[in-house]
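Colleague: So here's structure28.pdb (PDB, C-alpha atoms and all ligand atoms).
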```
ATOM      1  CA  MET A   1       0.000   0.000   0.000  1.00  0.00           C
ATOM      2  CA  PRO A   2       1.433   3.417  -0.859  1.00  0.00           C
ATOM      3  CA  SER A   3       2.517   5.539   2.088  1.00  0.00           C
ATOM      4  CA  SER A   4       1.004   8.571   0.399  1.00  0.00           C
ATOM      5  CA  ALA A   5      -2.569   7.352   0.556  1.00  0.00           C
ATOM      6  CA  GLU A   6      -4.852  10.306  -0.056  1.00  0.00           C
ATOM      7  CA  SER A   7      -6.828  11.782   2.764  1.00  0.00           C
ATOM      8  CA  PRO A   8     -10.366  11.002   1.669  1.00  0.00           C
ATOM      9  CA  ASN A   9     -12.075  14.076   2.955  1.00  0.00           C
ATOM     10  CA  ALA A  10     -10.105  17.312   2.777  1.00  0.00           C
ATOM     11  CA  SER A  11     -10.078  18.411  -0.850  1.00  0.00           C
ATOM     12  CA  ASP A  12     -13.358  16.772  -1.739  1.00  0.00           C
ATOM     13  CA  THR A  13     -15.229  18.601   0.990  1.00  0.00           C
ATOM     14  CA  GLU A  14     -13.784  21.843  -0.239  1.00  0.00           C
ATOM     15  CA  ASN A  15     -14.703  21.062  -3.786  1.00  0.00           C
ATOM     16  CA  VAL A  16     -18.276  20.173  -2.904  1.00  0.00           C
ATOM     17  CA  ASN A  17     -18.585  23.509  -1.156  1.00  0.00           C
ATOM     18  CA  LYS A  18     -17.452  25.259  -4.318  1.00  0.00           C
ATOM     19  CA  SER A  19     -19.701  23.172  -6.493  1.00  0.00           C
ATOM     20  CA  ARG A  20     -21.971  24.850  -8.965  1.00  0.00           C
ATOM     21  CA  VAL A  21     -24.202  21.782  -9.035  1.00  0.00           C
ATOM     22  CA  PHE A  22     -24.770  21.006  -5.404  1.00  0.00           C
ATOM     23  CA  ASP A  23     -26.327  24.244  -4.260  1.00  0.00           C
ATOM     24  CA  ILE A  24     -28.999  23.908  -1.626  1.00  0.00           C
ATOM     25  CA  ALA A  25     -32.273  23.688  -3.455  1.00  0.00           C
ATOM     26  CA  PRO A  26     -35.180  23.413  -0.980  1.00  0.00           C
ATOM     27  CA  ASP A  27     -37.767  23.267  -3.744  1.00  0.00           C
ATOM     28  CA  PHE A  28     -35.970  20.297  -5.212  1.00  0.00           C
ATOM     29  CA  ILE A  29     -35.800  18.204  -2.066  1.00  0.00           C
ATOM     30  CA  GLY A  30     -38.083  15.235  -2.273  1.00  0.00           C
ATOM     31  CA  SER A  31     -39.059  15.843  -5.860  1.00  0.00           C
ATOM     32  CA  TYR A  32     -36.363  13.979  -7.712  1.00  0.00           C
ATOM     33  CA  VAL A  33     -38.718  11.231  -8.780  1.00  0.00           C
ATOM     34  CA  GLN A  34     -40.529  13.711 -11.016  1.00  0.00           C
ATOM     35  CA  SER A  35     -37.359  15.304 -12.317  1.00  0.00           C
ATOM     36  CA  ARG A  36     -36.206  13.064 -15.115  1.00  0.00           C
ATOM     37  CA  PRO A  37     -33.936  14.836 -17.598  1.00  0.00           C
ATOM     38  CA  ALA A  38     -35.851  16.690 -20.271  1.00  0.00           C
ATOM     39  CA  ALA A  39     -35.605  15.384 -23.789  1.00  0.00           C
ATOM     40  CA  GLY A  40     -33.567  17.615 -26.009  1.00  0.00           C
ATOM     41  CA  PRO A  41     -30.053  18.416 -27.053  1.00  0.00           C
ATOM     42  CA  ASN A  42     -28.824  19.314 -23.574  1.00  0.00           C
ATOM     43  CA  PRO A  43     -27.753  16.039 -21.910  1.00  0.00           C
ATOM     44  CA  PHE A  44     -27.766  17.733 -18.541  1.00  0.00           C
ATOM     45  CA  GLY A  45     -31.504  18.352 -18.462  1.00  0.00           C
ATOM     46  CA  ASN A  46     -33.117  21.318 -16.770  1.00  0.00           C
ATOM     47  CA  ASN A  47     -31.880  23.374 -13.848  1.00  0.00           C
ATOM     48  CA  LEU A  48     -28.354  22.071 -14.193  1.00  0.00           C
ATOM     49  CA  PRO A  49     -25.191  23.453 -15.690  1.00  0.00           C
ATOM     50  CA  THR A  50     -25.839  24.450 -19.251  1.00  0.00           C
ATOM     51  CA  ARG A  51     -22.986  23.624 -21.480  1.00  0.00           C
ATOM     52  CA  PRO A  52     -23.281  24.375 -25.172  1.00  0.00           C
ATOM     53  CA  VAL A  53     -23.811  21.235 -27.213  1.00  0.00           C
ATOM     54  CA  PRO A  54     -22.413  22.075 -30.646  1.00  0.00           C
ATOM     55  CA  LYS A  55     -23.413  20.279 -33.762  1.00  0.00           C
ATOM     56  CA  LYS A  56     -21.132  17.297 -33.482  1.00  0.00           C
ATOM     57  CA  SER A  57     -19.591  17.527 -36.926  1.00  0.00           C
ATOM     58  CA  ASP A  58     -18.961  21.277 -36.930  1.00  0.00           C
ATOM     59  CA  ALA A  59     -15.446  20.992 -35.635  1.00  0.00           C
ATOM     60  CA  ILE A  60     -14.525  18.448 -38.288  1.00  0.00           C
ATOM     61  CA  ILE A  61     -16.293  20.025 -41.259  1.00  0.00           C
ATOM     62  CA  ASN A  62     -14.888  23.475 -40.478  1.00  0.00           C
ATOM     63  CA  SER A  63     -11.412  22.208 -39.719  1.00  0.00           C
ATOM     64  CA  THR A  64      -8.632  23.383 -41.984  1.00  0.00           C
ATOM     65  CA  GLU A  65      -6.575  20.327 -41.051  1.00  0.00           C
ATOM     66  CA  SER A  66      -8.757  17.685 -42.668  1.00  0.00           C
ATOM     67  CA  LYS A  67     -11.263  17.531 -45.497  1.00  0.00           C
ATOM     68  CA  LEU A  68     -13.742  14.696 -45.622  1.00  0.00           C
ATOM     69  CA  SER A  69     -15.026  13.138 -48.790  1.00  0.00           C
ATOM     70  CA  PRO A  70     -18.672  13.627 -49.804  1.00  0.00           C
ATOM     71  CA  LEU A  71     -19.355  10.169 -48.378  1.00  0.00           C
ATOM     72  CA  GLY A  72     -17.696  11.132 -45.138  1.00  0.00           C
ATOM     73  CA  ASN A  73     -19.758  14.295 -44.838  1.00  0.00           C
ATOM     74  CA  SER A  74     -22.911  12.356 -45.647  1.00  0.00           C
ATOM     75  CA  GLU A  75     -22.154   9.879 -42.888  1.00  0.00           C
ATOM     76  CA  LEU A  76     -21.534  12.756 -40.513  1.00  0.00           C
ATOM     77  CA  ALA A  77     -25.022  14.042 -41.231  1.00  0.00           C
ATOM     78  CA  LEU A  78     -26.417  10.747 -39.954  1.00  0.00           C
ATOM     79  CA  ALA A  79     -24.174  10.923 -36.923  1.00  0.00           C
ATOM     80  CA  ASP A  80     -25.392  14.439 -36.190  1.00  0.00           C
ATOM     81  CA  LYS A  81     -28.980  13.298 -36.311  1.00  0.00           C
ATOM     82  CA  TYR A  82     -28.836   9.953 -34.526  1.00  0.00           C
ATOM     83  CA  SER A  83     -25.750   9.691 -32.373  1.00  0.00           C
ATOM     84  CA  SER A  84     -25.516  10.795 -28.766  1.00  0.00           C
ATOM     85  CA  PRO A  85     -23.382  13.779 -27.842  1.00  0.00           C
ATOM     86  CA  ASP A  86     -20.110  13.452 -26.029  1.00  0.00           C
ATOM     87  CA  VAL A  87     -20.394  14.006 -22.304  1.00  0.00           C
ATOM     88  CA  TYR A  88     -17.986  15.554 -19.854  1.00  0.00           C
ATOM     89  CA  ILE A  89     -18.352  14.932 -16.135  1.00  0.00           C
ATOM     90  CA  ASP A  90     -16.297  17.103 -13.812  1.00  0.00           C
ATOM     91  CA  GLY A  91     -15.217  14.687 -11.093  1.00  0.00           C
ATOM     92  CA  GLU A  92     -15.287  17.401  -8.461  1.00  0.00           C
ATOM     93  CA  LYS A  93     -18.233  19.584  -9.408  1.00  0.00           C
ATOM     94  CA  ASP A  94     -20.723  17.312 -11.170  1.00  0.00           C
ATOM     95  CA  THR A  95     -20.829  14.478  -8.632  1.00  0.00           C
ATOM     96  CA  CYS A  96     -19.960  13.811  -5.002  1.00  0.00           C
ATOM     97  CA  TRP A  97     -18.713  11.168  -2.620  1.00  0.00           C
ATOM     98  CA  HIS A  98     -21.211   9.586  -0.310  1.00  0.00           C
ATOM     99  CA  PRO A  99     -21.269   6.655   2.135  1.00  0.00           C
ATOM    100  CA  PHE A 100     -21.945   3.116   1.009  1.00  0.00           C
ATOM    101  CA  THR A 101     -20.794   1.195   4.080  1.00  0.00           C
ATOM    102  CA  ASP A 102     -19.005   2.352   7.236  1.00  0.00           C
ATOM    103  CA  ASN A 103     -15.600   2.345   5.567  1.00  0.00           C
ATOM    104  CA  LEU A 104     -16.522   2.665   1.932  1.00  0.00           C
ATOM    105  CA  GLU A 105     -17.611   5.672  -0.078  1.00  0.00           C
ATOM    106  CA  TRP A 106     -18.482   5.929  -3.731  1.00  0.00           C
ATOM    107  CA  LYS A 107     -19.029   8.598  -6.304  1.00  0.00           C
ATOM    108  CA  PRO A 108     -21.367   8.075  -9.270  1.00  0.00           C
ATOM    109  CA  MET A 109     -20.028   9.026 -12.704  1.00  0.00           C
ATOM    110  CA  ARG A 110     -22.705   7.572 -14.982  1.00  0.00           C
ATOM    111  CA  PHE A 111     -26.102   5.871 -14.976  1.00  0.00           C
ATOM    112  CA  GLU A 112     -26.814   4.352 -18.401  1.00  0.00           C
ATOM    113  CA  THR A 113     -30.243   2.779 -18.517  1.00  0.00           C
ATOM    114  CA  ARG A 114     -30.236   1.133 -21.949  1.00  0.00           C
ATOM    115  CA  THR A 115     -27.851  -1.582 -20.823  1.00  0.00           C
ATOM    116  CA  GLY A 116     -28.164  -1.116 -17.067  1.00  0.00           C
ATOM    117  CA  THR A 117     -24.536  -0.069 -16.871  1.00  0.00           C
ATOM    118  CA  PHE A 118     -23.275   2.311 -14.236  1.00  0.00           C
ATOM    119  CA  VAL A 119     -19.870   3.775 -13.515  1.00  0.00           C
ATOM    120  CA  LEU A 120     -18.694   4.707 -10.072  1.00  0.00           C
ATOM    121  CA  VAL A 121     -15.512   5.380  -8.159  1.00  0.00           C
ATOM    122  CA  LEU A 122     -15.038   3.500  -4.899  1.00  0.00           C
ATOM    123  CA  ARG A 123     -12.681   4.615  -2.182  1.00  0.00           C
ATOM    124  CA  ILE A 124     -11.969   2.898   1.088  1.00  0.00           C
ATOM    125  CA  LEU A 125     -11.417   4.822   4.305  1.00  0.00           C
ATOM    126  CA  GLU A 126      -9.925   1.923   6.326  1.00  0.00           C
ATOM    127  CA  ASP A 127      -8.444  -1.440   5.416  1.00  0.00           C
ATOM    128  CA  THR A 128     -11.584  -3.516   5.024  1.00  0.00           C
ATOM    129  CA  TRP A 129     -13.002  -6.836   3.866  1.00  0.00           C
ATOM    130  CA  LEU A 130     -16.277  -6.295   2.071  1.00  0.00           C
ATOM    131  CA  GLY A 131     -19.097  -8.719   1.508  1.00  0.00           C
ATOM    132  CA  LYS A 132     -19.031 -11.738  -0.743  1.00  0.00           C
ATOM    133  CA  HIS A 133     -20.990 -10.997  -3.903  1.00  0.00           C
ATOM    134  CA  ARG A 134     -22.015 -12.533  -7.204  1.00  0.00           C
ATOM    135  CA  HIS A 135     -22.292 -10.699 -10.504  1.00  0.00           C
ATOM    136  CA  ARG A 136     -25.146 -11.171 -12.955  1.00  0.00           C
ATOM    137  CA  GLY A 137     -23.437  -8.910 -15.488  1.00  0.00           C
ATOM    138  CA  SER A 138     -19.908  -7.894 -16.394  1.00  0.00           C
ATOM    139  CA  VAL A 139     -17.585  -5.554 -14.550  1.00  0.00           C
ATOM    140  CA  SER A 140     -14.339  -3.818 -15.414  1.00  0.00           C
ATOM    141  CA  ALA A 141     -12.131  -2.015 -12.924  1.00  0.00           C
ATOM    142  CA  VAL A 142      -9.239   0.417 -13.203  1.00  0.00           C
ATOM    143  CA  THR A 143      -7.238   1.031 -10.043  1.00  0.00           C
ATOM    144  CA  LEU A 144      -6.336   4.666  -9.416  1.00  0.00           C
ATOM    145  CA  LYS A 145      -4.698   4.348  -6.017  1.00  0.00           C
ATOM    146  CA  GLY A 146      -3.862   1.765  -3.353  1.00  0.00           C
ATOM    147  CA  GLN A 147      -4.291  -2.010  -3.556  1.00  0.00           C
ATOM    148  CA  TRP A 148      -7.218  -4.395  -3.598  1.00  0.00           C
ATOM    149  CA  ASN A 149      -7.839  -8.089  -4.151  1.00  0.00           C
ATOM    150  CA  TYR A 150     -10.356 -10.885  -3.901  1.00  0.00           C
ATOM    151  CA  LYS A 151      -9.958 -13.639  -1.305  1.00  0.00           C
ATOM    152  CA  GLU A 152     -10.542 -16.210  -4.024  1.00  0.00           C
ATOM    153  CA  TYR A 153      -7.606 -15.103  -6.268  1.00  0.00           C
ATOM    154  CA  ASP A 154      -3.876 -14.674  -5.776  1.00  0.00           C
ATOM    155  CA  TRP A 155      -3.451 -11.368  -7.623  1.00  0.00           C
ATOM    156  CA  VAL A 156      -3.377  -7.927  -6.023  1.00  0.00           C
ATOM    157  CA  ALA A 157      -4.507  -4.989  -8.154  1.00  0.00           C
ATOM    158  CA  LYS A 158      -2.375  -1.847  -7.947  1.00  0.00           C
ATOM    159  CA  PRO A 159      -2.564   1.566  -9.676  1.00  0.00           C
ATOM    160  CA  GLY A 160      -2.805   1.179 -13.424  1.00  0.00           C
ATOM    161  CA  ASP A 161      -4.013  -2.428 -13.274  1.00  0.00           C
ATOM    162  CA  TYR A 162      -7.152  -3.528 -15.091  1.00  0.00           C
ATOM    163  CA  VAL A 163      -9.573  -6.209 -13.880  1.00  0.00           C
ATOM    164  CA  VAL A 164     -12.508  -7.870 -15.634  1.00  0.00           C
ATOM    165  CA  GLU A 165     -15.226  -9.734 -13.704  1.00  0.00           C
ATOM    166  CA  ASN A 166     -17.693 -11.864 -15.613  1.00  0.00           C
ATOM    167  CA  PRO A 167     -21.321 -12.898 -15.050  1.00  0.00           C
ATOM    168  CA  GLY A 168     -21.751 -15.666 -12.515  1.00  0.00           C
ATOM    169  CA  THR A 169     -18.492 -15.153 -10.635  1.00  0.00           C
ATOM    170  CA  ILE A 170     -18.527 -14.939  -6.838  1.00  0.00           C
ATOM    171  CA  HIS A 171     -15.763 -13.283  -4.847  1.00  0.00           C
ATOM    172  CA  THR A 172     -14.991 -11.453  -1.612  1.00  0.00           C
ATOM    173  CA  LEU A 173     -13.485  -7.990  -1.877  1.00  0.00           C
ATOM    174  CA  HIS A 174     -10.612  -6.625   0.207  1.00  0.00           C
ATOM    175  CA  MET A 175      -9.314  -3.062  -0.139  1.00  0.00           C
ATOM    176  CA  THR A 176      -6.489  -1.339   1.696  1.00  0.00           C
ATOM    177  CA  LYS A 177      -6.922   2.106   3.233  1.00  0.00           C
ATOM    178  CA  GLY A 178      -6.935   4.885   0.657  1.00  0.00           C
ATOM    179  CA  THR A 179      -7.607   2.617  -2.313  1.00  0.00           C
ATOM    180  CA  LYS A 180      -9.563   4.218  -5.126  1.00  0.00           C
ATOM    181  CA  VAL A 181     -10.978   2.222  -8.057  1.00  0.00           C
ATOM    182  CA  VAL A 182     -13.188   3.078 -11.043  1.00  0.00           C
ATOM    183  CA  PHE A 183     -15.748   0.314 -11.616  1.00  0.00           C
ATOM    184  CA  THR A 184     -17.937  -0.019 -14.717  1.00  0.00           C
ATOM    185  CA  ILE A 185     -20.736  -2.393 -13.773  1.00  0.00           C
ATOM    186  CA  SER A 186     -23.504  -3.967 -15.844  1.00  0.00           C
ATOM    187  CA  GLY A 187     -26.448  -5.892 -14.472  1.00  0.00           C
ATOM    188  CA  SER A 188     -26.945  -6.707 -10.827  1.00  0.00           C
ATOM    189  CA  LEU A 189     -24.834  -7.725  -7.839  1.00  0.00           C
ATOM    190  CA  GLU A 190     -26.020 -10.205  -5.244  1.00  0.00           C
ATOM    191  CA  PHE A 191     -24.561  -9.740  -1.764  1.00  0.00           C
ATOM    192  CA  PHE A 192     -24.384 -12.641   0.675  1.00  0.00           C
ATOM    193  CA  HIS A 193     -24.404 -13.068   4.441  1.00  0.00           C
ATOM    194  CA  ASP A 194     -21.481 -14.883   6.069  1.00  0.00           C
ATOM    195  CA  ASP A 195     -23.564 -18.084   6.137  1.00  0.00           C
ATOM    196  CA  GLY A 196     -23.999 -17.944   2.362  1.00  0.00           C
ATOM    197  CA  THR A 197     -27.619 -16.865   2.270  1.00  0.00           C
ATOM    198  CA  LEU A 198     -28.637 -14.022  -0.011  1.00  0.00           C
ATOM    199  CA  LYS A 199     -28.532 -10.630   1.706  1.00  0.00           C
ATOM    200  CA  ASN A 200     -29.698  -8.289  -1.056  1.00  0.00           C
ATOM    201  CA  THR A 201     -29.505  -7.582  -4.783  1.00  0.00           C
ATOM    202  CA  MET A 202     -28.426  -4.245  -6.201  1.00  0.00           C
ATOM    203  CA  ASP A 203     -28.431  -2.796  -9.709  1.00  0.00           C
ATOM    204  CA  ILE A 204     -28.143   0.602 -11.391  1.00  0.00           C
ATOM    205  CA  PHE A 205     -31.318   1.875  -9.760  1.00  0.00           C
ATOM    206  CA  SER A 206     -30.280   0.688  -6.304  1.00  0.00           C
ATOM    207  CA  TYR A 207     -27.070   2.679  -6.527  1.00  0.00           C
ATOM    208  CA  ALA A 208     -28.811   5.682  -8.064  1.00  0.00           C
ATOM    209  CA  HIS A 209     -31.326   5.588  -5.229  1.00  0.00           C
ATOM    210  CA  LEU A 210     -28.523   5.750  -2.664  1.00  0.00           C
ATOM    211  CA  TYR A 211     -27.102   8.780  -4.448  1.00  0.00           C
ATOM    212  CA  TYR A 212     -30.426  10.596  -4.622  1.00  0.00           C
ATOM    213  CA  GLU A 213     -31.252   9.790  -1.008  1.00  0.00           C
ATOM    214  CA  HIS A 214     -27.858  11.107   0.047  1.00  0.00           C
ATOM    215  CA  CYS A 215     -28.454  14.355  -1.849  1.00  0.00           C
ATOM    216  CA  LYS A 216     -31.893  14.661  -0.306  1.00  0.00           C
ATOM    217  CA  LYS A 217     -30.528  14.096   3.198  1.00  0.00           C
ATOM    218  CA  GLN A 218     -27.672  16.567   2.702  1.00  0.00           C
ATOM    219  CA  ARG A 219     -29.906  19.098   0.943  1.00  0.00           C
ATOM    220  CA  LEU A 220     -27.797  18.890  -2.182  1.00  0.00           C
ATOM    221  CA  LYS A 221     -29.100  19.117  -5.692  1.00  0.00           C
ATOM    222  CA  PRO A 222     -28.577  15.763  -7.434  1.00  0.00           C
ATOM    223  CA  ASN A 223     -27.170  15.881 -10.921  1.00  0.00           C
ATOM    224  CA  ASP A 224     -29.646  14.441 -13.410  1.00  0.00           C
ATOM    225  CA  GLY A 225     -26.888  14.856 -15.965  1.00  0.00           C
ATOM    226  CA  LEU A 226     -25.390  11.611 -14.651  1.00  0.00           C
ATOM    227  CA  TRP A 227     -28.153   9.736 -16.525  1.00  0.00           C
ATOM    228  CA  TYR A 228     -26.592   9.453 -19.960  1.00  0.00           C
TER     229      TYR A 228
HETATM  230 FE    FE A 301     -17.026  -8.093  -7.939  1.00  0.00          FE
END
```
In structure tokens, how does this file's structure come out?
Ligand SMILES: [Fe+2]

Modeller:
Amino acid sequence: MPSSAESPNASDTENVNKSRVFDIAPDFIGSYVQSRPAAGPNPFGNNLPTRPVPKKSDAIINSTESKLSPLGNSELALADKYSSPDVYIDGEKDTCWHPFTDNLEWKPMRFETRTGTFVLVLRILEDTWLGKHRHRGSVSAVTLKGQWNYKEYDWVAKPGDYVVENPGTIHTLHMTKGTKVVFTISGSLEFFHDDGTLKNTMDIFSYAHLYYEHCKKQRLKPNDGLWY
């Protein structure tokens, strides 16, 4: 484990305070169920940071560095009409850390409902063994800081390592203090008690619910722009 493990609270607390997204919004509290993002070109919906969404091909068509063929331009017209815009999430201002278990916090980066895939960053506050769980979808993980492993395997993931977990696998997670990992998760996770009986099942909406409940409790404005 690195000796320079990041303090989990200092800079993030400061950043949340400076956030343009998480202003106190009394009229919003308790109403998130009715506040699905509005359809339209702005992927961040209403009442959230408005970033200009340029026509996607403008930068390419107007570029002096490259000229596309007529076929290329024609294909770009289809892309402009049917593709989804690129999305930028500011890791400090557009989302926030919140508790998951006593020693574990996570920060949502994306909720994608077409495939039930969600992206989150986990960070561990103390060296901890977490519950045994089974995946019903696939998972990939990129380690940003610290070390983590599963009891069932002999590898230890360190910064820069990449892990893939496949549907049906069962494993028991261990993370050292200060570890930070980006997980991309599809489908559901089943968590088990120590005796092997099923404890609960969680999917994209379970995690989103935790995020929205946290925002409600802390009187923060949740970012509907995370649904993309
Ligand atoms: Fe897992």

Colleague: State, in Å with one decimal place, the distance from atom CA of A:Trp106 to atom CA of A:Val121.

Modeller: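 Computing it gives 5.4 Å between the two atoms.
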
Colleague: Between atom CA of A:Lys132 and atom CA of A:Asp194, measure the distance and give it in Å to one decimal.

Modeller: 7.9 Å

Colleague: In file coordinates, which residues lie within 8 Å of (-21.3, -9.4, -13.3) using only C-alpha atoms, given as number ranges by chain?

Modeller: A: 134-139, 165-169, 185-189

Colleague: What is the atom CA of A:Tyr150 to atom CA of A:Gly131 distance in Å?

Modeller: 10.5 Å

Colleague: So, counting all atoms listed in the file, which residue among A:Asn103, A:Thr197, A:Ser83, A:Thr184 is closest to ligand FE 301 (chain A)?

Modeller: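 Among the listed residues, A:Thr184 lies closest to ligand FE 301 (chain A).
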
Colleague: Taking the file as shown, what set of residues would the PyMOL selection byres (((chain A and resi 202) around 9) and not hetatm) give back, as a list in words?

Modeller: Gly187, Ser188, Leu189, Glu190, Phe191, Asn200, Thr201, Asp203, Ile204, Phe205, Ser206 and Tyr207 of chain A
